[in-house]
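Student: Structure supplied as structure_33.cif; contents: mmCIF, C-alpha atoms.
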data_input
#
loop_
_atom_site.label_atom_id
_atom_site.label_comp_id
_atom_site.auth_asym_id
_atom_site.auth_seq_id
_atom_site.Cartn_x
_atom_site.Cartn_y
_atom_site.Cartn_z
CA MET J 223 26.11 -0.05 -24.67
CA GLY J 224 26.66 1.12 -21.11
CA THR J 225 29.76 0.75 -18.94
CA LYS J 226 30.78 -2.89 -18.47
CA ALA J 227 30.20 -3.83 -14.85
CA LEU J 228 30.56 -6.71 -12.43
CA VAL J 229 27.88 -7.20 -9.76
CA ILE J 230 29.17 -8.72 -6.53
CA VAL J 231 26.93 -9.82 -3.65
CA PRO J 232 28.77 -10.41 -0.36
CA ASP J 233 26.71 -13.08 1.40
CA ILE J 234 27.71 -12.30 4.97
CA VAL J 235 26.97 -15.09 7.43
CA ARG J 236 25.17 -13.57 10.41
CA ARG J 237 23.81 -15.17 13.55
CA ASP J 238 20.46 -13.47 13.03
CA THR J 239 19.35 -15.61 10.09
CA ALA J 240 15.72 -14.50 10.54
CA VAL J 241 16.43 -11.23 8.72
CA ARG J 242 18.88 -12.64 6.21
CA ARG J 243 17.73 -12.13 2.64
CA ASP J 244 18.20 -14.81 0.00
CA ALA J 245 21.52 -14.18 -1.79
CA GLU J 246 20.14 -15.11 -5.22
CA ALA J 247 17.20 -12.70 -4.79
CA ARG J 248 19.65 -9.98 -3.70
CA LEU J 249 21.72 -10.66 -6.82
CA GLN J 250 18.68 -10.31 -9.11
CA GLU J 251 17.73 -7.03 -7.41
CA ALA J 252 21.31 -5.72 -7.68
CA LYS J 253 21.33 -6.57 -11.39
CA SER J 254 18.02 -4.72 -11.81
CA LEU J 255 19.44 -1.70 -9.98
CA ALA J 256 22.49 -1.74 -12.27
CA GLY J 257 20.23 -2.07 -15.31
CA ALA J 258 18.22 0.93 -14.14
CA ILE J 259 21.14 3.17 -15.16
CA THR J 260 21.96 1.09 -18.26
CA LEU J 261 25.10 -0.54 -16.92
CA ASP J 262 26.16 -3.54 -19.01
CA VAL J 263 26.40 -6.33 -16.42
CA VAL J 264 28.97 -8.74 -17.91
CA ALA J 265 29.37 -11.05 -14.90
CA THR J 266 27.99 -11.64 -11.41
CA ARG J 267 29.26 -13.41 -8.32
CA ILE J 268 27.87 -14.30 -4.89
CA LEU J 269 30.73 -14.36 -2.39
CA ARG J 270 30.25 -16.07 0.94
CA VAL J 271 31.85 -13.99 3.70
CA ARG J 272 32.28 -15.53 7.14
CA ASP J 273 34.49 -12.82 8.65
CA PRO J 274 34.10 -9.37 7.05
CA ARG J 275 37.51 -7.74 6.65
CA PRO J 276 37.84 -4.14 7.91
CA ALA J 277 40.13 -3.30 4.98
CA THR J 278 38.25 -4.89 2.06
CA LEU J 279 35.05 -6.52 3.46
CA ILE J 280 35.82 -9.67 1.44
CA GLY J 281 38.87 -11.95 1.58
CA ALA J 282 42.14 -11.34 -0.26
CA GLY J 283 41.61 -14.37 -2.50
CA GLN J 284 38.14 -13.08 -3.44
CA VAL J 285 39.60 -9.68 -4.32
CA GLU J 286 42.13 -11.39 -6.64
CA ALA J 287 39.34 -13.44 -8.24
CA ILE J 288 37.36 -10.27 -8.97
CA ALA J 289 40.47 -8.65 -10.49
CA GLU J 290 40.91 -11.67 -12.80
CA LEU J 291 37.22 -11.63 -13.74
CA ALA J 292 37.46 -7.91 -14.55
CA LYS J 293 40.41 -8.56 -16.86
CA GLU J 294 38.64 -11.44 -18.61
CA THR J 295 35.41 -9.50 -19.20
CA GLY J 296 36.86 -6.02 -19.71
CA ALA J 297 34.77 -4.68 -16.82
CA GLU J 298 35.56 -1.12 -15.75
CA LEU J 299 33.22 -1.01 -12.75
CA THR J 300 32.49 -3.29 -9.80
CA VAL J 301 29.14 -2.89 -8.03
CA VAL J 302 29.16 -4.28 -4.49
CA ASP J 303 25.67 -4.95 -3.12
CA GLY J 304 26.37 -3.75 0.39
CA ALA J 305 27.67 -0.80 2.37
CA LEU J 306 31.39 -0.07 1.98
CA SER J 307 33.45 2.23 4.15
CA PRO J 308 35.61 4.79 2.29
CA LEU J 309 38.70 2.71 3.18
CA GLN J 310 37.15 -0.51 1.87
CA GLN J 311 36.09 1.20 -1.33
CA ARG J 312 39.60 2.59 -1.93
CA ASN J 313 41.30 -0.76 -1.20
CA LEU J 314 38.91 -2.66 -3.46
CA GLU J 315 39.55 -0.19 -6.29
CA THR J 316 43.29 -0.76 -5.86
CA GLY J 317 42.92 -4.54 -5.60
CA THR J 318 40.52 -5.06 -8.50
CA GLY J 319 41.83 -2.40 -10.85
CA THR J 320 38.27 -1.12 -11.39
CA LYS J 321 36.09 1.72 -10.18
CA VAL J 322 34.03 0.46 -7.20
CA ILE J 323 30.64 1.67 -5.99
CA ASP J 324 28.51 0.24 -3.21
CA ARG J 325 24.73 -0.11 -2.97
CA THR J 326 24.27 3.41 -1.61
CA GLY J 327 26.33 4.93 -4.43
CA LEU J 328 24.38 2.95 -7.03
CA ILE J 329 20.99 4.06 -5.68
CA LEU J 330 22.21 7.66 -5.59
CA GLU J 331 23.24 7.39 -9.26
CA ILE J 332 19.76 6.10 -10.17
CA PHE J 333 18.03 8.85 -8.21
CA GLY J 334 20.31 11.46 -9.80
CA GLU J 335 19.38 10.25 -13.28
CA ARG J 336 15.63 10.04 -12.59
CA ALA J 337 14.92 13.20 -10.59
CA ALA J 338 12.74 15.37 -12.82
CA THR J 339 11.52 18.26 -10.66
CA ARG J 340 13.60 20.97 -9.05
CA GLU J 341 12.80 19.58 -5.61
CA GLY J 342 13.84 16.09 -6.65
CA ARG J 343 17.14 17.33 -8.06
CA LEU J 344 17.86 19.35 -4.90
CA GLN J 345 17.12 16.34 -2.70
CA VAL J 346 19.33 14.03 -4.76
CA GLU J 347 22.21 16.50 -4.83
CA LEU J 348 22.03 16.98 -1.06
CA ALA J 349 22.11 13.22 -0.47
CA HIS J 350 24.91 12.78 -3.00
CA LEU J 351 27.06 15.47 -1.37
CA GLY J 352 26.51 13.93 2.06
CA TYR J 353 27.71 10.60 0.67
CA GLN J 354 30.60 12.23 -1.20
CA ALA J 355 31.80 14.07 1.92
CA SER J 356 32.37 10.75 3.68
CA ARG J 357 34.45 9.54 0.70
CA LEU J 358 37.01 12.36 0.91
CA VAL J 359 39.90 10.26 2.10
CA ARG J 360 43.55 10.79 1.21
CA SER J 361 43.58 8.31 -1.64
CA TRP J 362 44.43 10.50 -4.61
CA THR J 363 47.58 12.58 -5.12
CA HIS J 364 45.71 15.78 -6.04
CA LEU J 365 44.33 15.89 -2.51
CA GLU J 366 47.84 16.23 -1.09
CA ARG J 367 48.60 19.55 -2.81
CA GLN J 368 48.65 22.76 -0.79
CA ARG J 369 46.87 25.94 -1.80
CA GLY J 370 48.52 29.21 -0.78
CA GLY J 371 46.73 31.76 1.35
CA PHE J 372 45.41 35.08 0.09
CA GLY J 373 47.57 38.26 0.17
CA PHE J 374 50.56 38.17 2.50
CA LEU J 375 48.85 36.22 5.26
CA GLY J 376 47.46 32.74 5.61
CA GLY J 377 50.63 30.71 5.70
CA PRO J 378 50.60 27.52 3.62
CA GLY J 379 46.79 27.67 3.33
CA GLU J 380 44.29 24.80 3.18
CA THR J 381 45.03 21.39 1.81
CA GLN J 382 42.93 20.45 -1.22
CA ILE J 383 40.93 17.94 0.84
CA GLU J 384 40.04 20.63 3.40
CA THR J 385 38.96 22.96 0.60
CA ASP J 386 36.80 20.26 -0.95
CA ARG J 387 35.16 19.54 2.40
CA ARG J 388 34.50 23.24 2.99
CA LEU J 389 33.00 23.68 -0.49
CA ILE J 390 30.77 20.65 0.05
CA ARG J 391 29.59 21.96 3.43
CA GLU J 392 28.79 25.36 1.90
CA ARG J 393 26.90 23.79 -1.00
CA MET J 394 24.95 21.52 1.36
CA ALA J 395 23.99 24.54 3.47
CA ARG J 396 22.62 26.31 0.37
CA LEU J 397 20.73 23.19 -0.70
CA ARG J 398 19.15 22.83 2.75
CA LYS J 399 18.06 26.46 2.58
CA ASP J 400 16.54 25.95 -0.90
CA LEU J 401 14.84 22.74 0.24
CA GLY J 402 13.49 24.59 3.26
CA GLU J 403 11.74 27.00 0.90
CA VAL J 404 10.37 24.11 -1.16
CA SER J 405 9.20 22.35 2.02
CA ARG J 406 7.39 25.49 3.18
CA THR J 407 5.66 25.76 -0.20
CA ARG J 408 4.68 22.09 -0.06
CA GLY J 409 3.45 22.59 3.51
CA LEU J 410 1.24 25.47 2.37
CA GLN J 411 -0.13 23.28 -0.41
CA ARG J 412 -0.87 20.52 2.11
CA ARG J 413 -2.65 22.96 4.41
CA GLN J 414 -4.73 24.14 1.47
CA ARG J 415 -5.63 20.54 0.64
CA LYS J 416 -6.63 19.95 4.27
CA LYS J 417 -9.06 22.83 3.96
CA ALA J 418 -10.49 21.24 0.83
CA PRO J 419 -13.23 18.66 1.36
CA TYR J 420 -11.26 15.69 -0.02
CA PRO J 421 -9.60 12.76 1.74
CA VAL J 422 -6.03 11.82 0.70
CA ILE J 423 -4.89 8.26 -0.06
CA ALA J 424 -1.13 7.59 -0.37
CA LEU J 425 0.28 4.63 -2.29
CA VAL J 426 3.51 3.24 -0.80
CA GLY J 427 5.44 0.09 -1.52
CA TYR J 428 8.67 -1.56 -2.51
CA THR J 429 10.07 -0.31 -5.77
CA ASN J 430 8.64 -2.15 -8.79
CA ALA J 431 5.67 -3.46 -6.77
CA GLY J 432 3.31 -1.88 -9.33
CA LYS J 433 2.32 1.35 -7.55
CA SER J 434 2.40 3.51 -10.67
CA THR J 435 0.47 0.92 -12.70
CA LEU J 436 -2.19 0.79 -9.98
CA PHE J 437 -2.18 4.60 -9.80
CA ASN J 438 -2.84 4.76 -13.54
CA ARG J 439 -5.59 2.11 -13.28
CA LEU J 440 -7.37 4.00 -10.48
CA THR J 441 -7.03 7.49 -11.94
CA GLY J 442 -6.82 7.01 -15.70
CA ALA J 443 -3.50 8.91 -15.63
CA SER J 444 -0.39 8.04 -17.62
CA VAL J 445 2.37 8.14 -15.00
CA MET J 446 5.52 6.33 -16.15
CA ALA J 447 5.09 2.67 -15.21
CA LYS J 448 7.76 0.22 -16.33
CA ASP J 449 9.30 -3.02 -15.12
CA LEU J 450 12.14 -0.91 -13.77
CA LEU J 451 13.36 -0.08 -10.28
CA PHE J 452 12.68 3.53 -9.28
CA ALA J 453 10.76 4.25 -12.50
CA THR J 454 9.19 7.27 -10.78
CA LEU J 455 10.72 9.49 -8.10
CA ASP J 456 8.61 12.60 -7.82
CA PRO J 457 5.18 12.37 -6.14
CA THR J 458 2.12 12.59 -8.37
CA MET J 459 -1.40 13.43 -7.18
CA ARG J 460 -4.69 12.92 -9.01
CA ALA J 461 -8.39 13.03 -8.14
CA ILE J 462 -10.37 9.79 -8.06
CA ALA J 463 -14.00 8.87 -7.35
CA LEU J 464 -14.90 6.20 -4.78
CA PRO J 465 -18.20 4.53 -3.84
CA GLY J 466 -20.07 7.03 -1.65
CA ILE J 467 -17.26 9.60 -2.01
CA ASP J 468 -17.40 11.81 -5.05
CA LYS J 469 -13.78 12.92 -4.88
CA ALA J 470 -10.57 11.85 -3.15
CA ILE J 471 -6.90 12.60 -3.83
CA LEU J 472 -4.59 9.69 -4.68
CA SER J 473 -0.82 10.21 -4.22
CA ASP J 474 1.89 8.04 -5.81
CA THR J 475 5.25 8.23 -3.98
CA VAL J 476 8.80 7.02 -4.59
CA GLY J 477 9.30 3.28 -4.15
CA PHE J 478 11.23 1.93 -1.19
CA VAL J 479 14.05 -0.60 -1.29
CA SER J 480 15.96 -2.68 1.23
CA GLU J 481 18.82 -0.84 2.92
CA LEU J 482 17.55 2.48 1.54
CA PRO J 483 20.34 4.91 2.46
CA THR J 484 19.48 6.94 5.55
CA MET J 485 20.69 10.09 3.79
CA LEU J 486 18.13 9.47 1.03
CA VAL J 487 15.30 9.00 3.51
CA ALA J 488 16.34 12.27 5.14
CA ALA J 489 16.70 14.12 1.82
CA PHE J 490 13.33 12.89 0.53
CA ARG J 491 11.52 13.47 3.82
CA ALA J 492 9.75 16.55 2.41
CA THR J 493 8.40 14.48 -0.48
CA LEU J 494 7.47 11.53 1.70
CA GLU J 495 5.66 13.78 4.16
CA GLU J 496 2.70 13.36 1.80
CA VAL J 497 2.40 9.93 3.41
CA LEU J 498 2.27 11.41 6.91
CA ASP J 499 -0.71 13.61 6.01
CA ALA J 500 -2.69 10.92 4.19
CA ASP J 501 -6.03 9.74 5.60
CA ILE J 502 -5.27 6.20 4.40
CA ILE J 503 -2.04 4.47 3.34
CA VAL J 504 -2.31 1.76 0.68
CA HIS J 505 0.71 -0.55 0.88
CA VAL J 506 1.13 -2.05 -2.59
CA ARG J 507 2.92 -5.41 -2.44
CA ASP J 508 4.28 -7.62 -5.21
CA ILE J 509 2.66 -10.79 -3.93
CA ALA J 510 4.27 -12.84 -6.73
CA HIS J 511 7.81 -11.93 -5.66
CA PRO J 512 9.67 -14.66 -3.71
CA GLU J 513 10.91 -12.03 -1.21
CA THR J 514 7.51 -10.39 -0.70
CA GLU J 515 7.58 -10.78 3.10
CA ALA J 516 11.10 -9.32 3.34
CA GLN J 517 10.01 -6.43 1.11
CA LYS J 518 7.05 -5.82 3.41
CA ARG J 519 9.41 -5.55 6.40
CA ASP J 520 11.60 -3.08 4.49
CA VAL J 521 8.61 -0.84 3.69
CA ILE J 522 7.40 -0.93 7.29
CA ASP J 523 10.92 -0.02 8.48
CA VAL J 524 11.05 3.04 6.19
CA LEU J 525 7.54 4.09 7.27
CA ALA J 526 8.69 3.81 10.89
CA GLU J 527 11.68 6.07 10.05
CA LEU J 528 9.19 8.61 8.71
CA GLY J 529 7.14 8.42 11.90
CA VAL J 530 4.29 6.20 10.67
CA ASP J 531 3.41 3.57 13.27
CA PRO J 532 1.91 0.48 11.53
CA GLU J 533 0.08 -0.31 14.78
CA GLY J 534 -1.11 3.27 15.22
CA GLY J 535 -4.43 4.83 14.40
CA ARG J 536 -3.82 5.53 10.69
CA PRO J 537 -5.52 2.88 8.50
CA ILE J 538 -3.13 0.88 6.29
CA ILE J 539 -4.58 -1.26 3.50
CA GLU J 540 -2.53 -4.05 1.91
CA ALA J 541 -3.01 -4.26 -1.85
CA LEU J 542 -1.60 -7.66 -2.82
CA ASN J 543 -0.69 -6.86 -6.42
CA LYS J 544 0.35 -8.96 -9.45
CA ALA J 545 -2.27 -11.67 -8.92
CA ASP J 546 -2.04 -12.31 -12.68
CA LEU J 547 1.45 -13.79 -12.17
CA LEU J 548 0.41 -16.37 -9.56
CA ASP J 549 0.04 -20.09 -10.24
CA ALA J 550 -2.87 -22.04 -8.76
CA GLU J 551 -1.06 -23.03 -5.55
CA THR J 552 0.39 -19.61 -4.69
CA ARG J 553 -2.91 -17.97 -5.67
CA LYS J 554 -4.74 -20.08 -3.07
CA ALA J 555 -2.27 -18.93 -0.39
CA ALA J 556 -2.61 -15.31 -1.54
CA LEU J 557 -6.42 -15.50 -1.34
CA GLU J 558 -6.14 -16.75 2.26
CA GLN J 559 -3.86 -13.80 3.00
CA ALA J 560 -6.29 -11.39 1.33
CA ALA J 561 -9.09 -12.68 3.55
CA ALA J 562 -7.56 -10.71 6.42
CA PRO J 563 -9.12 -7.35 7.27
CA ASN J 564 -7.78 -4.42 5.25
CA SER J 565 -6.31 -6.69 2.54
CA VAL J 566 -7.29 -7.27 -1.07
CA LEU J 567 -5.82 -9.41 -3.87
CA LEU J 568 -5.64 -7.63 -7.21
CA SER J 569 -3.87 -7.14 -10.51
CA ALA J 570 -3.20 -3.57 -11.59
CA VAL J 571 -2.46 -4.89 -15.10
CA SER J 572 -5.67 -6.87 -15.69
CA GLY J 573 -7.93 -4.86 -13.37
CA GLU J 574 -8.88 -7.89 -11.26
CA GLY J 575 -9.76 -6.85 -7.69
CA VAL J 576 -9.33 -3.11 -8.35
CA ASP J 577 -13.03 -2.44 -7.70
CA ASP J 578 -12.67 -4.40 -4.44
CA LEU J 579 -9.85 -2.05 -3.48
CA ARG J 580 -12.01 0.99 -4.26
CA ARG J 581 -14.78 -0.35 -2.01
CA LEU J 582 -12.33 -1.19 0.78
CA ILE J 583 -10.84 2.32 0.69
CA SER J 584 -14.34 3.83 0.72
CA ASP J 585 -15.52 1.56 3.56
CA THR J 586 -12.40 2.42 5.56
CA LEU J 587 -12.92 6.15 5.10
CA LEU J 588 -16.55 5.84 6.15
CA ARG J 589 -15.99 3.23 8.88
CA ASP J 590 -16.21 5.69 11.75
CA ALA J 591 -19.15 7.56 10.29
CA ARG J 592 -21.78 8.82 12.72
CA VAL J 593 -25.16 10.47 12.20
CA HIS J 594 -24.94 14.28 12.16
CA SER J 595 -27.60 16.92 11.64
CA PHE J 596 -27.11 19.69 9.08
CA VAL J 597 -29.17 22.71 8.10
CA VAL J 598 -28.41 23.93 4.57
CA GLY J 599 -29.92 26.69 2.51
CA ALA J 600 -32.44 25.31 0.03
CA GLY J 601 -30.64 27.10 -2.80
CA ASP J 602 -27.15 25.94 -1.77
CA GLY J 603 -26.81 23.19 -4.34
CA LYS J 604 -23.06 22.83 -3.80
CA ARG J 605 -23.34 21.87 -0.11
CA LEU J 606 -26.39 19.69 -0.62
CA ALA J 607 -24.65 17.79 -3.44
CA TRP J 608 -21.50 17.41 -1.32
CA LEU J 609 -23.45 15.77 1.52
CA GLU J 610 -25.22 13.48 -0.94
CA ASN J 611 -21.92 12.39 -2.49
CA ASN J 612 -19.83 12.03 0.66
CA GLY J 613 -22.27 10.66 3.20
CA LEU J 614 -25.42 8.60 3.54
CA VAL J 615 -28.46 10.90 3.80
CA LEU J 616 -30.92 9.21 6.19
CA LYS J 617 -33.54 11.97 6.47
CA ARG J 618 -34.25 15.12 4.49
CA ARG J 619 -36.89 17.75 5.28
CA THR J 620 -37.43 21.13 3.64
CA LYS J 621 -38.54 23.97 5.94
CA GLY J 622 -39.04 27.23 4.09
CA GLU J 623 -35.66 28.47 2.86
CA THR J 624 -33.66 25.69 4.51
CA VAL J 625 -33.19 21.92 4.26
CA GLU J 626 -32.67 19.81 7.40
CA LEU J 627 -30.66 16.62 6.86
CA GLN J 628 -29.67 13.63 8.98
CA VAL J 629 -26.45 12.29 7.41
CA ARG J 630 -24.22 9.36 8.36
CA ILE J 631 -20.73 10.79 7.81
CA SER J 632 -17.25 10.52 9.32
CA ASP J 633 -15.94 13.19 11.68
CA GLU J 634 -13.21 14.02 9.17
CA ASP J 635 -15.72 14.57 6.38
CA ARG J 636 -17.95 16.58 8.69
CA ALA J 637 -14.97 18.87 9.37
CA ARG J 638 -14.33 19.11 5.63
CA PHE J 639 -17.95 20.02 5.01
CA LEU J 640 -17.86 22.75 7.64
CA ALA J 641 -14.68 24.13 5.99
CA LEU J 642 -16.34 24.50 2.59
CA PRO J 643 -16.15 28.12 1.38
#
What does this structure look like when you write it as structure tokens?

Tutor:
Amino acid sequence: MGTKALVIVPDIVRRDTAVRRDAEARLQEAKSLAGAITLDVVATRILRVRDPRPATLIGAGQVEAIAELAKETGAELTVVDGALSPLQQRNLETGTGTKVIDRTGLILEIFGERAATREGRLQVELAHLGYQASRLVRSWTHLERQRGGFGFLGGPGETQIETDRRLIRERMARLRKDLGEVSRTRGLQRRQRKKAPYPVIALVGYTNAGKSTLFNRLTGASVMAKDLLFATLDPTMRAIALPGIDKAILSDTVGFVSELPTMLVAAFRATLEEVLDADIIVHVRDIAHPETEAQKRDVIDVLAELGVDPEGGRPIIEALNKADLLDAETRKAALEQAAAPNSVLLSAVSGEGVDDLRRLISDTLLRDARVHSFVVGAGDGKRLAWLENNGLVLKRRTKGETVELQVRISDEDRARFLALP
């Protein structure tokens, strides 16, 4: 069994109720986050907070109640679904008699456990150190010790806390340098892909919306896909075939979550840059989730942080996933929603609507296609086949050693054709 933990959701009363998430839904998500690192959640509480306290966030009576609950259940850890200042975290640890972590700390723990590639581990460590640096407050006695200087100079030397901060800064500088190298390598790979004649489609969405399941359904791959938050962290790319397009690249990225720590968005920017270079973004939504609209806003907010304007020129398709979980009434509402342009209702599990998504992606890629003339060598089977597979050949005439073609094709695909080696 994992560490016994309490999950506490401070339900802060705000004037702006339009963006207030349902407390019960937040509690279920917090429990899922805790379960993602095998914490044994022994009790949960939703605490209504009218006036957040600078020292503890919640009221003194609520702190005492949590301390009693921890004693009764034997909990060693309290997870607070919200952002805590270092001072609040320290005071809550003192008041409850348990270790306390906030939402950011919990997500960092999950990312640290799941990161599989070198890049992922570097990104997580950088984010974790940034978070840890802000927690270096004078709350433990070992931080009050003095270290002597070197040789005969230096006086009393640095305090332990100053040393820790310096070591963290130095480590973060090395990590940024290493990540810079990884980013340059990834940038070279992206430039190579741009030279290749294949469009890129990026799957994005709230964590556990079913992106990896849909990715597997579209590509026949076996990427880890579980009913688990942040089941996959590192981006995966596979080739797929689409109607009228013989080959495209599909990219599965890390799932988003509400209040995703800014330091994590910054640390994973290199990974998420795959989204910025995609020809089409497919926003996978869990249409059966009661908070689906709030989740949509969260994803759009993260995309905006990355520099993707939902109202900009880049096509964004909404894949309304998990249709198999809908009852008759909610299914009717979902079908009305899917009737909008660039939307499709589907189930990645059953396969319903997946072919509709393929056609929509293909139609979107070819939407701006225009008629272009090409002259290709009669013996150049590679180029002739590429035009047949990626465009609509309207006319074809052989003249001696060449073939003249009139092809309806997008400007992007025309550029890809001209870049063929």

Student: What is the atom CA of J:Val629-atom CA of J:Gly613 distance in Å, reported with one decimal?

Tutor: 6.2 Å

Student: Any idea what the distance is between atom CA of J:Arg580 and atom CA of J:Ile467?

Tutor: 10.3 Å

Student: For J:Leu351, which of J:Arg507, J:Arg396, J:Arg336, J:Lys621 is the closest residue, counting only C-alpha atoms?

Tutor: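 The shortest atom-to-atom distance to J:Leu351 comes from J:Arg396.
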
Student: Determine the residue membership of the PyMOL selection byres ((chain J and resi 426-430) around 6) for the file above and supply it as a count of residues only.

Tutor: 10

Student: Rounded to one decimal in Å, what is the spacing between atom CA of J:Glu294 and atom CA of J:Lys321?

Tutor: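 For atom CA of J:Glu294 relative to atom CA of J:Lys321, the distance reads 15.8 Å.
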
Student: Residues picked by the PyMOL selection byres ((chain J and resi 555-558) around 12) here, as a count of residues only?

Tutor: 31

Student: Applied to this file, what does the PyMOL selection byres ((chain J and resi 463) around 10) return in terms of residues, put as a PyMOL selection string?

Tutor: chain J and resi 440-441+461-462+464-472+580+584+611

Student: Which neighbours of stretch 310-315 of chain J fall inside 6 Å, counting only C-alpha atoms, when residues of the same chain fewer than 6 positions from it are skipped, and could you give them as a list in words?

Tutor: Ala277, Thr278, Lys321 and Val322 of chain J

Student: From the options J:Val476, J:Tyr420, J:His594, J:Gly257, which residue's atoms come nearest to J:Ala337, counting all atoms listed in the file?

Tutor: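 Looking only at the distances to J:Ala337, the closest residue turns out to be J:Val476.
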
Student: Would you list the contacts of J:Leu616 as a ChimeraX atom specification, taking every protein, DNA or RNA residue within 9 Å and counting only C-alpha atoms, but skipping same-chain residues closer than 2 positions in sequence?

Tutor: /J:593,614,618,627-630

Student: Could you check which of J:Gly224, J:Glu623, J:Asp577, J:Arg325 is closest to J:Val598, using all atoms listed in the file?

Tutor: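 So, comparing all the options, the nearest one is J:Glu623.
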